[in-house]
>>> print(open('input_8.cif').read())   # mmCIF, C-alpha atoms and all ligand atoms
data_entry
loop_
_atom_site.label_atom_id
_atom_site.label_comp_id
_atom_site.auth_asym_id
_atom_site.auth_seq_id
_atom_site.Cartn_x
_atom_site.Cartn_y
_atom_site.Cartn_z
CA MET S 14 -11.66 -22.28 6.56
CA ARG S 15 -8.81 -21.67 4.16
CA LYS S 16 -9.31 -20.13 0.73
CA LYS S 17 -9.36 -22.23 -2.43
CA ILE S 18 -7.73 -20.49 -5.36
CA VAL S 19 -7.14 -21.03 -9.05
CA ALA S 20 -4.55 -18.54 -10.29
CA GLY S 21 -3.61 -18.10 -13.93
CA ASN S 22 -0.01 -17.15 -14.63
CA TRP S 23 0.01 -15.72 -18.14
CA LYS S 24 3.80 -15.23 -18.13
CA MET S 25 5.09 -13.16 -21.11
CA ASN S 26 2.21 -13.99 -23.44
CA LEU S 27 -0.61 -12.22 -25.32
CA THR S 28 -1.10 -8.81 -26.85
CA LEU S 29 -3.45 -6.33 -25.21
CA GLY S 30 -6.25 -7.30 -27.59
CA GLN S 31 -5.75 -11.00 -26.86
CA ALA S 32 -5.66 -10.29 -23.14
CA GLU S 33 -8.98 -8.42 -23.29
CA GLN S 34 -10.52 -11.26 -25.29
CA LEU S 35 -9.33 -13.88 -22.81
CA ILE S 36 -10.71 -12.01 -19.80
CA ASN S 37 -14.03 -11.44 -21.53
CA ASP S 38 -14.23 -15.13 -22.49
CA ILE S 39 -13.45 -16.22 -18.92
CA LEU S 40 -16.06 -13.85 -17.49
CA GLN S 41 -18.65 -14.76 -20.08
CA ALA S 42 -18.86 -18.27 -18.71
CA GLY S 43 -20.56 -16.72 -15.68
CA LEU S 44 -18.68 -18.97 -13.27
CA ARG S 45 -20.35 -19.19 -9.91
CA LEU S 46 -17.68 -19.30 -7.27
CA LYS S 47 -18.59 -20.64 -3.87
CA GLU S 48 -17.73 -18.81 -0.70
CA GLY S 49 -14.01 -18.96 -0.03
CA GLN S 50 -13.15 -19.64 -3.67
CA GLU S 51 -11.09 -17.17 -5.66
CA VAL S 52 -9.84 -16.82 -9.23
CA VAL S 53 -6.66 -14.79 -9.65
CA LEU S 54 -5.36 -13.51 -12.98
CA ALA S 55 -1.64 -12.75 -13.14
CA THR S 56 -1.35 -10.68 -16.28
CA PRO S 57 1.76 -8.96 -17.66
CA PHE S 58 2.34 -5.52 -16.09
CA PRO S 59 1.06 -3.45 -19.06
CA TYR S 60 -2.36 -5.11 -18.91
CA LEU S 61 -3.03 -4.88 -15.19
CA LEU S 62 -5.07 -1.68 -15.30
CA LYS S 63 -7.11 -2.86 -18.26
CA ALA S 64 -7.69 -6.21 -16.57
CA LYS S 65 -8.80 -4.40 -13.43
CA SER S 66 -11.43 -2.45 -15.37
CA LEU S 67 -12.62 -5.55 -17.25
CA LEU S 68 -13.00 -7.53 -14.02
CA LYS S 69 -15.12 -4.65 -12.69
CA ASN S 70 -15.06 -6.02 -9.19
CA THR S 71 -16.55 -9.34 -10.34
CA PRO S 72 -17.02 -11.21 -7.03
CA GLY S 73 -14.27 -13.73 -6.38
CA PHE S 74 -11.96 -12.47 -9.15
CA TYR S 75 -8.65 -10.88 -8.20
CA LEU S 76 -5.67 -9.41 -9.98
CA ALA S 77 -2.02 -10.40 -9.59
CA ALA S 78 1.32 -9.15 -10.85
CA GLN S 79 3.93 -11.72 -11.84
CA ASN S 80 6.76 -10.02 -9.97
CA SER S 81 7.64 -6.93 -7.96
CA ALA S 82 10.90 -5.20 -7.06
CA SER S 83 13.09 -6.05 -4.09
CA GLU S 84 13.69 -2.33 -3.46
CA LYS S 85 11.17 0.26 -2.32
CA SER S 86 11.70 2.93 -5.01
CA GLY S 87 14.36 4.90 -6.80
CA ALA S 88 16.98 4.36 -9.51
CA TYR S 89 16.13 0.80 -10.56
CA THR S 90 15.41 1.17 -14.26
CA GLY S 91 12.80 -1.24 -15.52
CA GLU S 92 11.64 -2.38 -12.09
CA VAL S 93 8.07 -2.16 -10.77
CA SER S 94 7.59 -1.59 -7.06
CA ALA S 95 5.03 -3.10 -4.73
CA GLU S 96 3.84 0.40 -3.95
CA MET S 97 3.12 1.06 -7.64
CA LEU S 98 1.17 -2.19 -7.89
CA SER S 99 -0.78 -1.33 -4.77
CA SER S 100 -1.61 2.10 -6.18
CA ILE S 101 -3.39 0.51 -9.17
CA GLY S 102 -5.31 -1.97 -7.05
CA VAL S 103 -3.34 -5.19 -7.53
CA ASP S 104 -4.33 -7.81 -4.95
CA TYR S 105 -1.65 -10.51 -5.27
CA VAL S 106 1.89 -10.88 -6.58
CA ILE S 107 3.59 -14.09 -7.67
CA LEU S 108 7.02 -14.21 -6.04
CA GLY S 109 9.74 -16.82 -6.37
CA HIS S 110 8.51 -18.45 -9.56
CA SER S 111 11.19 -20.89 -10.71
CA GLU S 112 11.63 -18.92 -13.95
CA ARG S 113 12.48 -15.82 -11.91
CA ARG S 114 14.80 -17.84 -9.71
CA GLU S 115 16.58 -19.39 -12.69
CA TYR S 116 16.72 -16.61 -15.30
CA PHE S 117 16.94 -13.61 -12.97
CA GLN S 118 18.97 -15.18 -10.16
CA GLU S 119 16.40 -14.49 -7.47
CA SER S 120 17.64 -15.94 -4.20
CA ASN S 121 15.63 -16.90 -1.16
CA ALA S 122 17.01 -13.79 0.58
CA THR S 123 15.95 -11.48 -2.27
CA LEU S 124 12.51 -13.05 -2.17
CA ALA S 125 12.25 -12.37 1.56
CA LYS S 126 12.74 -8.66 0.79
CA LYS S 127 10.14 -8.74 -1.99
CA ILE S 128 7.67 -10.46 0.33
CA ASP S 129 8.17 -7.81 3.00
CA LEU S 130 7.56 -4.99 0.53
CA ALA S 131 4.48 -6.66 -0.91
CA LEU S 132 2.99 -7.16 2.55
CA ALA S 133 3.86 -3.60 3.58
CA ASN S 134 1.81 -2.46 0.57
CA ASN S 135 -1.16 -4.74 1.28
CA ILE S 136 -0.43 -7.10 -1.60
CA LYS S 137 -0.62 -10.81 -0.89
CA PRO S 138 2.38 -12.80 -2.10
CA ILE S 139 1.84 -16.11 -3.88
CA PHE S 140 5.17 -17.61 -2.85
CA CYS S 141 6.41 -20.31 -5.21
CA CYS S 142 8.66 -23.11 -4.06
CA GLY S 143 9.64 -26.42 -5.59
CA GLU S 144 12.56 -28.62 -6.49
CA PRO S 145 14.43 -29.33 -9.74
CA LEU S 146 14.47 -32.82 -11.22
CA GLU S 147 17.89 -33.85 -9.89
CA ILE S 148 16.78 -33.06 -6.33
CA ARG S 149 13.59 -35.11 -6.81
CA LYS S 150 15.63 -38.00 -8.20
CA ALA S 151 17.91 -37.85 -5.16
CA GLU S 152 14.77 -37.82 -2.95
CA LYS S 153 15.91 -34.61 -1.31
CA GLN S 154 12.82 -32.55 -2.25
CA ASN S 155 11.59 -32.11 1.31
CA GLU S 156 14.88 -30.63 2.54
CA TYR S 157 15.05 -28.40 -0.55
CA VAL S 158 11.56 -26.97 -0.12
CA ALA S 159 11.99 -26.64 3.65
CA LYS S 160 15.02 -24.42 3.06
CA GLN S 161 13.09 -22.23 0.61
CA LEU S 162 10.32 -21.76 3.18
CA GLU S 163 12.75 -21.10 5.99
CA GLU S 164 14.86 -18.53 4.15
CA SER S 165 12.03 -16.57 2.53
CA LEU S 166 9.09 -16.86 4.94
CA TYR S 167 10.13 -17.69 8.47
CA HIS S 168 11.06 -14.12 9.42
CA LEU S 169 7.34 -13.26 9.11
CA THR S 170 5.04 -12.96 12.08
CA GLU S 171 2.03 -15.25 12.39
CA GLU S 172 -0.15 -12.25 11.51
CA GLN S 173 1.83 -11.61 8.33
CA LEU S 174 1.71 -15.25 7.35
CA LYS S 175 -2.09 -14.99 7.11
CA ASN S 176 -1.58 -12.98 3.90
CA ILE S 177 0.72 -15.51 2.25
CA VAL S 178 -0.34 -18.12 -0.29
CA ILE S 179 2.17 -20.88 -1.01
CA ALA S 180 2.41 -22.50 -4.45
CA TYR S 181 4.27 -25.79 -4.68
CA GLU S 182 5.62 -26.01 -8.21
CA PRO S 183 8.02 -28.89 -8.88
CA ILE S 184 10.30 -27.41 -11.54
CA TRP S 185 10.34 -30.64 -13.52
CA ALA S 186 6.58 -30.30 -14.02
CA ILE S 187 6.41 -26.66 -15.16
CA GLY S 188 5.60 -26.30 -18.83
CA THR S 189 6.93 -29.81 -19.48
CA GLY S 190 3.66 -31.72 -19.70
CA LEU S 191 4.85 -33.82 -16.75
CA THR S 192 2.56 -33.46 -13.78
CA ALA S 193 3.28 -34.52 -10.24
CA SER S 194 0.97 -37.42 -9.43
CA ALA S 195 -1.79 -36.61 -7.00
CA ALA S 196 0.10 -38.66 -4.40
CA GLN S 197 3.35 -36.73 -4.99
CA ALA S 198 1.50 -33.41 -4.75
CA GLN S 199 -0.38 -34.46 -1.61
CA ASP S 200 2.83 -35.70 0.07
CA MET S 201 4.62 -32.41 -0.52
CA HIS S 202 1.63 -30.27 0.42
CA ALA S 203 1.20 -32.21 3.65
CA PHE S 204 4.92 -31.79 4.31
CA ILE S 205 4.72 -28.01 3.73
CA ARG S 206 1.70 -27.77 6.03
CA ALA S 207 3.55 -29.74 8.70
CA GLN S 208 6.54 -27.39 8.38
CA ILE S 209 4.26 -24.39 8.83
CA ALA S 210 2.65 -26.08 11.83
CA ALA S 211 6.05 -26.69 13.41
CA LYS S 212 7.05 -23.05 12.97
CA TYR S 213 3.73 -21.19 13.42
CA GLY S 214 1.36 -23.64 15.07
CA ARG S 215 -1.53 -25.82 13.98
CA GLU S 216 -4.05 -23.07 13.32
CA ALA S 217 -1.72 -21.15 11.01
CA ALA S 218 -1.00 -24.36 9.13
CA LEU S 219 -4.68 -25.24 8.76
CA ASN S 220 -5.45 -21.76 7.45
CA ILE S 221 -2.71 -21.37 4.86
CA THR S 222 -3.65 -21.94 1.22
CA ILE S 223 -1.21 -24.20 -0.66
CA LEU S 224 -1.60 -24.35 -4.45
CA TYR S 225 -0.17 -26.92 -6.83
CA GLY S 226 1.46 -25.78 -10.07
CA GLY S 227 3.03 -27.75 -12.89
CA SER S 228 1.23 -28.78 -16.09
CA ALA S 229 -2.16 -28.74 -14.38
CA LYS S 230 -4.94 -29.08 -16.94
CA PRO S 231 -8.65 -29.95 -17.11
CA SER S 232 -7.89 -33.68 -17.21
CA ASN S 233 -5.82 -33.79 -14.01
CA ALA S 234 -7.14 -30.83 -11.99
CA GLY S 235 -9.98 -32.85 -10.45
CA GLU S 236 -7.66 -35.48 -9.02
CA LEU S 237 -5.10 -32.92 -7.82
CA PHE S 238 -7.67 -30.61 -6.20
CA ALA S 239 -9.31 -33.55 -4.45
CA CYS S 240 -6.17 -34.06 -2.36
CA PRO S 241 -6.84 -32.85 1.19
CA ASP S 242 -3.84 -30.52 1.32
CA VAL S 243 -4.11 -29.15 -2.24
CA ASP S 244 -6.14 -25.95 -2.12
CA GLY S 245 -6.22 -25.18 -5.83
CA GLY S 246 -3.67 -24.46 -8.51
CA LEU S 247 -1.28 -22.03 -10.10
CA ILE S 248 -1.86 -22.59 -13.79
CA GLY S 249 0.48 -21.58 -16.60
CA GLY S 250 -0.20 -22.79 -20.14
CA ALA S 251 -3.79 -23.85 -19.54
CA SER S 252 -4.70 -20.41 -18.17
CA LEU S 253 -4.28 -18.96 -21.67
CA VAL S 254 -7.20 -20.97 -23.06
CA ALA S 255 -10.51 -19.76 -21.62
CA ALA S 256 -12.27 -23.12 -21.90
CA ASP S 257 -9.39 -24.96 -20.19
CA PHE S 258 -9.09 -22.38 -17.44
CA GLN S 259 -12.85 -22.49 -16.81
CA ALA S 260 -12.76 -26.28 -16.68
CA ILE S 261 -9.93 -26.18 -14.14
CA ILE S 262 -11.84 -23.64 -12.02
CA SER S 263 -14.87 -25.92 -12.08
CA HIS S 264 -12.80 -28.54 -10.19
CA LEU S 265 -12.18 -26.23 -7.23
C1 LIG J 1 3.60 -21.93 -13.90
O1 LIG J 1 4.31 -21.33 -14.67
O2 LIG J 1 3.39 -21.46 -12.78
C2 LIG J 1 3.03 -23.21 -14.32
C3 LIG J 1 2.51 -23.98 -13.42
O3 LIG J 1 3.09 -23.48 -15.66
P1 LIG J 1 2.39 -24.72 -16.43
O4 LIG J 1 1.01 -24.86 -15.86
O5 LIG J 1 2.40 -24.32 -17.87
O6 LIG J 1 3.24 -25.92 -16.15
#
>>> encode(input="input_8.cif", output="C-alpha cells")
Amino acid sequence: MRKKIVAGNWKMNLTLGQAEQLINDILQAGLRLKEGQEVVLATPFPYLLKAKSLLKNTPGFYLAAQNSASEKSGAYTGEVSAEMLSSIGVDYVILGHSERREYFQESNATLAKKIDLALANNIKPIFCCGEPLEIRKAEKQNEYVAKQLEESLYHLTEEQLKNIVIAYEPIWAIGTGLTASAAQAQDMHAFIRAQIAAKYGREAALNITILYGGSAKPSNAGELFACPDVDGGLIGGASLVAADFQAIISHL
C-alpha cells in the first residue's frame, strides 16, 4: 500500500518565531493520522533543527529541506549538502521545484545528481515535475513530463525508486490561484504511473506516491485527493496557515 502524504512547502517565508508558532499550531490540533499517512514540513534551512525538536518525533510527521546541493562537499559557498541535511535528521528533500528550475537554472541532469546524493544519504527526494502553461495549451504536457521523469529518475534502480516521491505540479497552477481540475490531475497522475509501470513494472508503479501541487486549498483538496492516482499534495501558500493546512490534511 503506497503512502499518502501532505507536504507543506514554506518556501522563503516566516521568521523563526513565526515558524515555531506555526508548528505548534499544527501540532496542537492533535491530528490523528492513519497508518500510511504522513505530514511533511519543508521549512527553510535555518529552521530545520528547531522544527525537528518541536516535532519531537510526533508519529507521522517528517521534516524536509527545500533543496540540496548537486555536489557532495567542498568549495560551494552558500550550498547545503545532502550529507549535512542527513546529519541533522532531515527525512525528505524537495528537488526540482519549478521555482528552482526557473530561477536557479536547475536542469533535469543536475536534478539527477541531487537525487543520487540525497538517496546516498538516506534522504527521500520529493521530485517535482510539471509543465508550463504554453506546453499545456499545446497539449504537449505528457511528453514534457515524461522527459523530466526520464532524464532525472530513470537511471535509478527499482530499489532506489522505492524512496522517491513524485509531485506533479503544473507550473501554471503554482501560486496563481488556478488549480488543475480533478480530472486534469487524475489524467496526469495516471499517465505518470503508467510511465513508471512501463519502465519499472506494475508493482513499482502501484507503490510510488504521486502528490499533486498547485493552489491546493481546503476547498479543493477533498476532490483532488479522492482521485485514485492522487496520493496527497504538495502545498505552498495554504501550508502557511495552520487551519488551512490542517483542513487539507483532514482530506487525506
Ligand atoms: C508549491 O510551491 O509547491 C505549491 C504547490 O504552491 P501553491 O500551493 O502556493 O500553489
>>> closest_residue(input="input_8.cif", among="S:Ile136, S:Ala229, S:Ile205, S:Leu237", to="Glu156 (chain S)", atoms="all atoms listed in the file")
S:Ile205
>>> atom_distance(input="input_8.cif", atom1="CA of Ile36 (chain S)", atom2="CA of Lys16 (chain S)")
22.1 Å
>>> closest_residue(input="input_8.cif", among="S:Glu163, S:Glu48, S:Glu152, S:Glu182", to="His110 (chain S)", atoms="all atoms listed in the file")
S:Glu182
>>> atom_distance(input="input_8.cif", atom1="atom C3 of ligand LIG 1 (chain J)", atom2="CA of Gln173 (chain S)")
25.0 Å
>>> closest_residue(input="input_8.cif", among="S:Gly102, S:Pro57, S:Gly43, S:Pro138", to="Ile177 (chain S)", atoms="all atoms listed in the file")
S:Pro138
>>> residues_near_ligand(input="input_8.cif", ligand="ligand LIG 1 (chain J)", cutoff="9 Å", atoms="only C-alpha atoms and all ligand atoms", output="VMD selection string")
chain S and resid 20 to 24 107 110 to 112 141 180 182 to 192 225 to 230 246 to 252
>>> atom_distance(input="input_8.cif", atom1="CA of Ile139 (chain S)", atom2="CA of Ser165 (chain S)")
12.0 Å
>>> residues_around(input="input_8.cif", residues="Ile223 (chain S)", least_positions_apart="2", cutoff="8 Å", atoms="all atoms listed in the file", output="JSON, numbers by chain")
{"S": [178, 179, 180, 181, 202, 221, 225, 242, 243, 244, 245]}
>>> residues_around(input="input_8.cif", residues="Phe58 (chain S)", least_positions_apart="4", cutoff="10 Å", atoms="only C-alpha atoms", output="number ranges by chain")
S: 25, 62, 77-81, 93, 98
>>> residues_around(input="input_8.cif", residues="Ser263 (chain S)", least_positions_apart="3", cutoff="9 Å", atoms="only C-alpha atoms", output="PyMOL selection string")
chain S and resi 44-46+231+235+258-260
>>> write_last_selection(input="input_8.cif", atoms="C-alpha atoms", output="compact mmCIF listing (two decimals), in the frame of the given file")
# COMPACT_ATOMS: atom_id res chain seq x y z
CA LEU S 44 -18.68 -18.97 -13.27
CA ARG S 45 -20.35 -19.19 -9.91
CA LEU S 46 -17.68 -19.30 -7.27
CA PRO S 231 -8.65 -29.95 -17.11
CA GLY S 235 -9.98 -32.85 -10.45
CA PHE S 258 -9.09 -22.38 -17.44
CA GLN S 259 -12.85 -22.49 -16.81
CA ALA S 260 -12.76 -26.28 -16.68
>>> residues_around(input="input_8.cif", residues="Leu132 (chain S)", least_positions_apart="6", cutoff="12 Å", atoms="all atoms listed in the file", output="PyMOL selection string")
chain S and resi 81+95-96+98-99+104-106+108+125-126+138-140+166+169-170+172-178
>>> closest_residue(input="input_8.cif", among="S:Ser194, S:Gln31, S:Gln50, S:Asn155", to="Lys17 (chain S)", atoms="all atoms listed in the file")
S:Gln50
